[in-house]
Structure formats: C-alpha cells, structure tokens
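**Student:** For reference, the structure I am asking about is given below.
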Amino acid sequence: RGGRPHARENSARERGRSRTEPGAEGSPRPRDAMEALVAALQDPETRENALLDLSKKRDMFTDLAPILWHSFGVIPALLQEIVSIYPLLSPPSLTNHASNRVCNALALLQCVASHPDTRALFLNAHIPLFLYPFLNTVSKTRPFEYLRLTSLGVIGALVKVDDTDVINFLLSTEIIPLCLRTMELGSELSKTVATFIVQKILSDEVGLSYICATAERCYAVGTVLGGMVTMLTEQPSVRLLKHIIRCYLRLSDNPRARECLRQCFPDQLRDPNFTACLKDDIATQKWLVQLLMQLGYTNG
C-alpha cells in the first residue's frame, strides 16, 4: 500500500510525457502535440514559437483547421498578429523577423481557408480583408515580398476549389486591382500566384461576366497580361506563361473581351521563337492554338 503514491506519480509522469512523446509502444500522439501548440497560441509569451512549430507541421495535422477555428481566442490571436504590423507597412519598416512571424500566422489562416469545414466560416467572417493592406504594399524588399506572397497563398487556397460563393465574395472586394498590381510589380512567384487567382476568378461565369462588364476592366486586365508577356522576353517563366495563356483563353470566350484583346494582344504570343519554351507542355500549346484561333489570328 505504501508504494502506491510512488506508482501513481510515475503513472502521471508517463501520461504527461506521452502527450508530446511516443508512447510505450513507440506510437506518437500528434493530436496531443497539436492541441498543446494550439493552446500555446493563446498566450503572448508562447505564441511565437507555437506559430513557428504549427506552420511547419500543419500538413501533419488533418483536422488542424477546425481546431484552430473553434478553439477559444485562437483566431483573434492570429488576427492580432496581422494587425500588429500594419504600422510597419507605411513608411515601410518591416523586418525579416516581423515578416516571418506574421507569415507563420498567415500560413495557419491558409490552412483554415483550405479546409472544407472552415472555408465558409472564414469567408463569412471577412477575414481575407485583413490581408488586403499587405497586398497594397509596393516595397520590393524581401520582407514585403514574402508577406505579399504568403497573403496571396491564402487567397489562392480559397479559389483553388471551384466555389461561386468565394468568387462573389472576392469580387465584392478589391481583389482584382490588388492582383493586377502584384502581376505588374511582384516577383516571378508572386506574379504567378496572383495570375492564378485571376485565372480562377475568370474560370467562373460570375467572374468572367464581372471583368467583361466594361471595356475598362477588359483593358485593365489585358494590358497587365500583355506587360507580363513583354517582361517574359527578358525573364522567361513557363509556369507564369501557362497561367497568362489560360487567362487570355478564358477572356476570349467573351465577345467584348475578344475585341479588347485584339487591340492589346502581345505579338510575342504569335512568335514561334518566343513560344518555343512551351515545347514540352502539350496542354498549354493547345490552349495557345485555341486562343489564336478565337482571336482570328489563325485559320486552325
């Protein structure tokens, strides 16, 4: 009987260890570790390390998004991380450390935006609007570029799944001009993600109708796409060119947009020397041929 307290103490110690370490059978308990890290987000003293750990391990936890959303105080904590760096945006004074920290918070929000159980909740709370000030920056320093790229990743996660509700929400905000700005000024990777977002918006009938509703919108998108093609003559990127062609092809489905595109279509896309970079991408080659046919540049 006298040995029982000691046994209970050892048992409690083993239980405490098993929440973060493999159990006696060697099987890890990732859910316990995840819940401990999520709880650590609520404490400003432990939040930074928890943000880093969770952002690195988020792919290990399939139900991380619902737990983040439904855990008391966690989403406000992530939004606090975002809002806290607004003063560093103008004049631009964002450090690498501050950028990395807020991007870890954005990575967790991307997880929430991606999950089918939390995507609608994420939208209904208008959380993407908290990211728009980041997309509105123009500094080309590494901290700002990383911030824009990670913010675009959150929007990209929303549009990856075809959902008209997502498109309607984004069109009700200023996402199109923000994407166009990034397509003009961003790094190659940021341009690619921003162009992908515009492509996904165009792929929805609501999105195509919105952009083609006025000649001004058509010209705005067509002009930016043309500028990117010109840029690619000096800095080729097959990945970016593929999304540009997809945007052009979708725009060409609309009569008003076709007329606009004929007036600002880049000659490079009709130059076999320029498009030779697509020789290994059969699908994009077909899209380009179809695009040129729809604009009346070939007879098929």
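We name chains A, B, ... following the order of the structure tokens; residues begin at 1 in each chain, and ligands are numbered from 1 as shown.
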Step one, run DSSP on the backbone; step two, keep only residues of region 206-235 of chain A assigned to helix (DSSP H, G or I); then write them as number ranges by chain.

**Tutor:** A: 206-211, 215-232

**Student:** Excluding region 274-279 of chain A and residues on its chain fewer than 2 positions from it, collect all residues at most 10 Å away from it, counting only C-alpha atoms, and give them as a VMD selection string.

**Tutor:** chain A and resid 229 232 to 233 236 to 239 241 to 242 267 to 272 281 to 285 288

**Student:** Just want the 6 Å neighbourhood of Arg148 (chain A), counted on only C-alpha atoms, with same-chain residues fewer than 2 positions away dropped. Output as a ChimeraX atom specification.

**Tutor:** /A:134-135,145-146,150-151

**Student:** Pick the closest to Ile82 (chain A) from A:Leu178, A:Leu292, A:Ala98, A:Ile155: which is it, counting only C-alpha atoms?

**Tutor:**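 The shortest atom-to-atom distance to Ile82 (chain A) comes from A:Ala98.
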
**Student:** From the options A:Ala113, A:Leu152, A:Val159, A:Leu189, which residue's atoms come nearest to Asn136 (chain A), counting only C-alpha atoms?

**Tutor:**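 Under the stated criterion, the closest residue is A:Leu152.
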
**Student:** Give me, as a list in words, all polymer residues having an atom no more than 9 Å from Leu251 (chain A), counting only C-alpha atoms and skipping those fewer than 6 positions away in the same chain.

**Tutor:** Leu202, Leu208, Ile211, Cys212, Cys218, Gly222, Ala257, Arg258 and Leu261 of chain A

**Student:** The selected residues should be written to file as a CSV table (one decimal), in the first residue's frame (atoms: N, CA, C and O atoms).

**Tutor:**
```csv
chain,number,residue,atom,x,y,z
A,202,LEU,N,-11.7,34.2,-63.4
A,202,LEU,CA,-12.2,34.2,-64.8
A,202,LEU,C,-12.9,32.9,-65.1
A,202,LEU,O,-13.8,32.9,-66.0
A,208,LEU,N,-16.1,36.0,-65.0
A,208,LEU,CA,-15.9,36.4,-66.4
A,208,LEU,C,-16.8,37.5,-66.7
A,208,LEU,O,-16.4,38.5,-67.3
A,211,ILE,N,-15.6,40.9,-65.0
A,211,ILE,CA,-14.4,41.5,-65.6
A,211,ILE,C,-14.7,42.0,-67.0
A,211,ILE,O,-14.2,43.0,-67.5
A,212,CYS,N,-15.7,41.4,-67.7
A,212,CYS,CA,-16.0,41.8,-69.1
A,212,CYS,C,-17.2,42.7,-69.1
A,212,CYS,O,-17.7,43.1,-70.2
A,218,CYS,N,-11.8,45.1,-69.0
A,218,CYS,CA,-11.1,44.3,-70.0
A,218,CYS,C,-9.8,44.8,-70.4
A,218,CYS,O,-8.8,44.0,-70.4
A,222,GLY,N,-6.2,43.0,-69.7
A,222,GLY,CA,-5.5,42.7,-70.9
A,222,GLY,C,-4.1,43.5,-71.0
A,222,GLY,O,-3.1,42.9,-71.4
A,257,ALA,N,-14.5,41.1,-74.6
A,257,ALA,CA,-13.1,40.9,-74.3
A,257,ALA,C,-12.3,40.6,-75.5
A,257,ALA,O,-11.2,41.0,-75.7
A,258,ARG,N,-12.9,39.8,-76.4
A,258,ARG,CA,-12.2,39.5,-77.7
A,258,ARG,C,-11.8,40.7,-78.4
A,258,ARG,O,-10.7,40.9,-78.9
A,261,LEU,N,-9.0,42.4,-76.6
A,261,LEU,CA,-7.7,41.7,-76.7
A,261,LEU,C,-7.0,41.9,-78.0
A,261,LEU,O,-5.8,42.0,-78.1
```

**Student:** Write out as a tab-separated table (two decimals) with all heavy atoms, in the first residue's frame which residues come within 12 Å of His97 (chain A) when counting only C-alpha atoms, dropping same-chain ones fewer than 2 positions away.

**Tutor:**
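What landed in result03.tsv:
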```tsv
chain	number	residue	atom	x	y	z
A	48	GLU	N	4.82	32.97	-30.31
A	48	GLU	CA	5.75	33.00	-31.45
A	48	GLU	C	6.29	31.61	-31.78
A	48	GLU	O	6.31	31.20	-32.95
A	48	GLU	CB	6.90	33.96	-31.16
A	48	GLU	CG	7.85	34.09	-32.35
A	48	GLU	CD	8.88	35.19	-32.17
A	48	GLU	OE1	8.93	35.81	-31.09
A	48	GLU	OE2	9.64	35.45	-33.13
A	52	LEU	N	5.52	29.17	-35.16
A	52	LEU	CA	6.57	28.57	-35.97
A	52	LEU	C	6.38	27.05	-36.08
A	52	LEU	O	6.43	26.47	-37.18
A	52	LEU	CB	7.94	28.89	-35.36
A	52	LEU	CG	9.17	28.31	-36.08
A	52	LEU	CD1	9.24	28.83	-37.51
A	52	LEU	CD2	10.44	28.66	-35.32
A	85	ILE	N	1.27	44.50	-37.30
A	85	ILE	CA	2.32	45.00	-38.19
A	85	ILE	C	1.82	46.04	-39.19
A	85	ILE	O	2.61	46.53	-40.01
A	85	ILE	CB	3.04	43.86	-38.93
A	85	ILE	CG1	2.13	43.18	-39.93
A	85	ILE	CG2	3.66	42.87	-37.96
A	85	ILE	CD1	2.91	42.37	-40.95
A	93	SER	N	8.85	49.63	-42.95
A	93	SER	CA	9.89	49.35	-41.94
A	93	SER	C	9.79	47.93	-41.43
A	93	SER	O	10.21	47.64	-40.31
A	93	SER	CB	9.78	50.35	-40.78
A	93	SER	OG	8.46	50.40	-40.27
A	94	LEU	N	9.25	47.05	-42.24
A	94	LEU	CA	9.05	45.66	-41.85
A	94	LEU	C	10.38	44.92	-41.86
A	94	LEU	O	11.10	44.93	-42.85
A	94	LEU	CB	8.07	44.99	-42.81
A	94	LEU	CG	7.62	43.56	-42.51
A	94	LEU	CD1	6.81	43.52	-41.23
A	94	LEU	CD2	6.80	42.99	-43.67
A	95	THR	N	10.70	44.25	-40.74
A	95	THR	CA	11.94	43.50	-40.64
A	95	THR	C	11.72	42.05	-41.08
A	95	THR	O	10.59	41.59	-41.18
A	95	THR	CB	12.46	43.50	-39.20
A	95	THR	OG1	11.50	42.83	-38.37
A	95	THR	CG2	12.69	44.92	-38.70
A	99	SER	N	8.30	39.90	-40.48
A	99	SER	CA	7.67	39.30	-41.65
A	99	SER	C	7.51	37.79	-41.48
A	99	SER	O	6.45	37.23	-41.75
A	99	SER	CB	8.50	39.61	-42.91
A	99	SER	OG	7.96	38.99	-44.04
A	100	ASN	N	8.57	37.14	-41.00
A	100	ASN	CA	8.50	35.69	-40.80
A	100	ASN	C	7.42	35.33	-39.79
A	100	ASN	O	6.67	34.36	-39.98
A	100	ASN	CB	9.85	35.16	-40.31
A	100	ASN	CG	10.91	35.19	-41.39
A	100	ASN	OD1	10.60	35.24	-42.58
A	100	ASN	ND2	12.16	35.19	-40.99
A	101	ARG	N	7.32	36.12	-38.73
A	101	ARG	CA	6.35	35.81	-37.68
A	101	ARG	C	4.91	35.94	-38.20
A	101	ARG	O	4.09	35.03	-38.00
A	101	ARG	CB	6.56	36.72	-36.47
A	101	ARG	CG	5.52	36.53	-35.39
A	101	ARG	CD	5.90	37.20	-34.10
A	101	ARG	NE	4.80	37.12	-33.13
A	101	ARG	CZ	4.95	37.30	-31.82
A	101	ARG	NH1	6.14	37.55	-31.31
A	101	ARG	NH2	3.90	37.23	-31.02
A	102	VAL	N	4.63	37.04	-38.88
A	102	VAL	CA	3.25	37.21	-39.35
A	102	VAL	C	2.94	36.21	-40.47
A	102	VAL	O	1.80	35.76	-40.61
A	102	VAL	CB	2.99	38.66	-39.81
A	102	VAL	CG1	3.66	38.98	-41.13
A	102	VAL	CG2	1.49	38.93	-39.93
A	103	CYS	N	3.95	35.83	-41.24
A	103	CYS	CA	3.72	34.84	-42.30
A	103	CYS	C	3.42	33.47	-41.72
A	103	CYS	O	2.69	32.68	-42.33
A	103	CYS	CB	4.91	34.79	-43.26
A	103	CYS	SG	4.96	36.22	-44.39
A	104	ASN	N	3.95	33.17	-40.54
A	104	ASN	CA	3.58	31.92	-39.87
A	104	ASN	C	2.10	31.95	-39.47
A	104	ASN	O	1.40	30.94	-39.57
A	104	ASN	CB	4.46	31.70	-38.64
A	104	ASN	CG	5.88	31.32	-39.00
A	104	ASN	OD1	6.13	30.77	-40.07
A	104	ASN	ND2	6.82	31.62	-38.12
A	142	ARG	N	12.78	41.95	-49.40
A	142	ARG	CA	12.44	40.57	-49.13
A	142	ARG	C	11.31	40.42	-48.11
A	142	ARG	O	10.37	39.62	-48.32
A	142	ARG	CB	13.69	39.83	-48.66
A	142	ARG	CG	13.49	38.32	-48.46
A	142	ARG	CD	13.29	38.00	-46.99
A	142	ARG	NE	13.02	36.59	-46.78
A	142	ARG	CZ	12.38	36.11	-45.74
A	142	ARG	NH1	11.92	36.93	-44.81
A	142	ARG	NH2	12.20	34.82	-45.61
A	143	PRO	N	11.31	41.17	-46.98
A	143	PRO	CA	10.21	41.02	-46.01
A	143	PRO	C	8.84	41.31	-46.62
A	143	PRO	O	7.87	40.60	-46.34
A	143	PRO	CB	10.56	42.01	-44.90
A	143	PRO	CG	12.04	42.20	-45.00
A	143	PRO	CD	12.35	42.10	-46.46
A	144	PHE	N	8.76	42.34	-47.45
A	144	PHE	CA	7.47	42.69	-48.05
A	144	PHE	C	7.08	41.71	-49.14
A	144	PHE	O	5.90	41.37	-49.27
A	144	PHE	CB	7.52	44.12	-48.61
A	144	PHE	CG	7.32	45.17	-47.57
A	144	PHE	CD1	8.41	45.77	-46.94
A	144	PHE	CD2	6.05	45.57	-47.19
A	144	PHE	CE1	8.23	46.74	-45.96
A	144	PHE	CE2	5.85	46.53	-46.22
A	144	PHE	CZ	6.95	47.11	-45.60
A	146	TYR	N	7.85	38.55	-49.30
A	146	TYR	CA	7.42	37.33	-48.61
A	146	TYR	C	6.03	37.49	-48.03
A	146	TYR	O	5.19	36.58	-48.08
A	146	TYR	CB	8.44	36.98	-47.52
A	146	TYR	CG	8.21	35.67	-46.80
A	146	TYR	CD1	7.76	34.54	-47.48
A	146	TYR	CD2	8.46	35.56	-45.44
A	146	TYR	CE1	7.55	33.34	-46.82
A	146	TYR	CE2	8.27	34.36	-44.77
A	146	TYR	CZ	7.82	33.26	-45.46
A	146	TYR	OH	7.61	32.08	-44.80
A	147	LEU	N	5.77	38.68	-47.49
A	147	LEU	CA	4.46	38.97	-46.91
A	147	LEU	C	3.37	38.94	-47.99
A	147	LEU	O	2.30	38.34	-47.79
A	147	LEU	CB	4.49	40.35	-46.24
A	147	LEU	CG	3.21	40.84	-45.58
A	147	LEU	CD1	2.81	39.94	-44.42
A	147	LEU	CD2	3.38	42.29	-45.10
```

**Student:** Between A:Val138, A:Phe196, A:Leu180, A:Leu121, which residue has the minimum interatomic distance to Gly153 (chain A), considering only C-alpha atoms?

**Tutor:** A:Phe196

**Student:** Calculated over only C-alpha atoms, which of the candidates A:Leu170, A:Phe130, A:Lys140, A:Asp59 has the smallest distance to His115 (chain A)?

**Tutor:**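 Selected residue with least distance to His115 (chain A): A:Asp59.
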
**Student:** In Å, with one decimal, what is the gap from CA of Ala107 (chain A) to CA of Asp162 (chain A)?

**Tutor:**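 CA of Ala107 (chain A) sits 20.9 Å away from CA of Asp162 (chain A).
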
**Student:** Which of these, A:Pro133, A:Ile201, A:Ile175, A:Asn254, has the shortest distance to Pro87 (chain A) once you count only C-alpha atoms?

**Tutor:** A:Pro133

**Student:** Point out the residue among A:Val112, A:Phe265, A:Ala77, A:Leu249 with the least atom-to-atom distance to Thr46 (chain A), counting only C-alpha atoms.

**Tutor:**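 Comparing A:Val112, A:Phe265, A:Ala77, A:Leu249 against Thr46 (chain A), the winner is A:Ala77.
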
**Student:** Quote the spacing between CA of Tyr248 (chain A) and CA of Leu291 (chain A) in Å to one decimal place.

**Tutor:** 7.1 Å
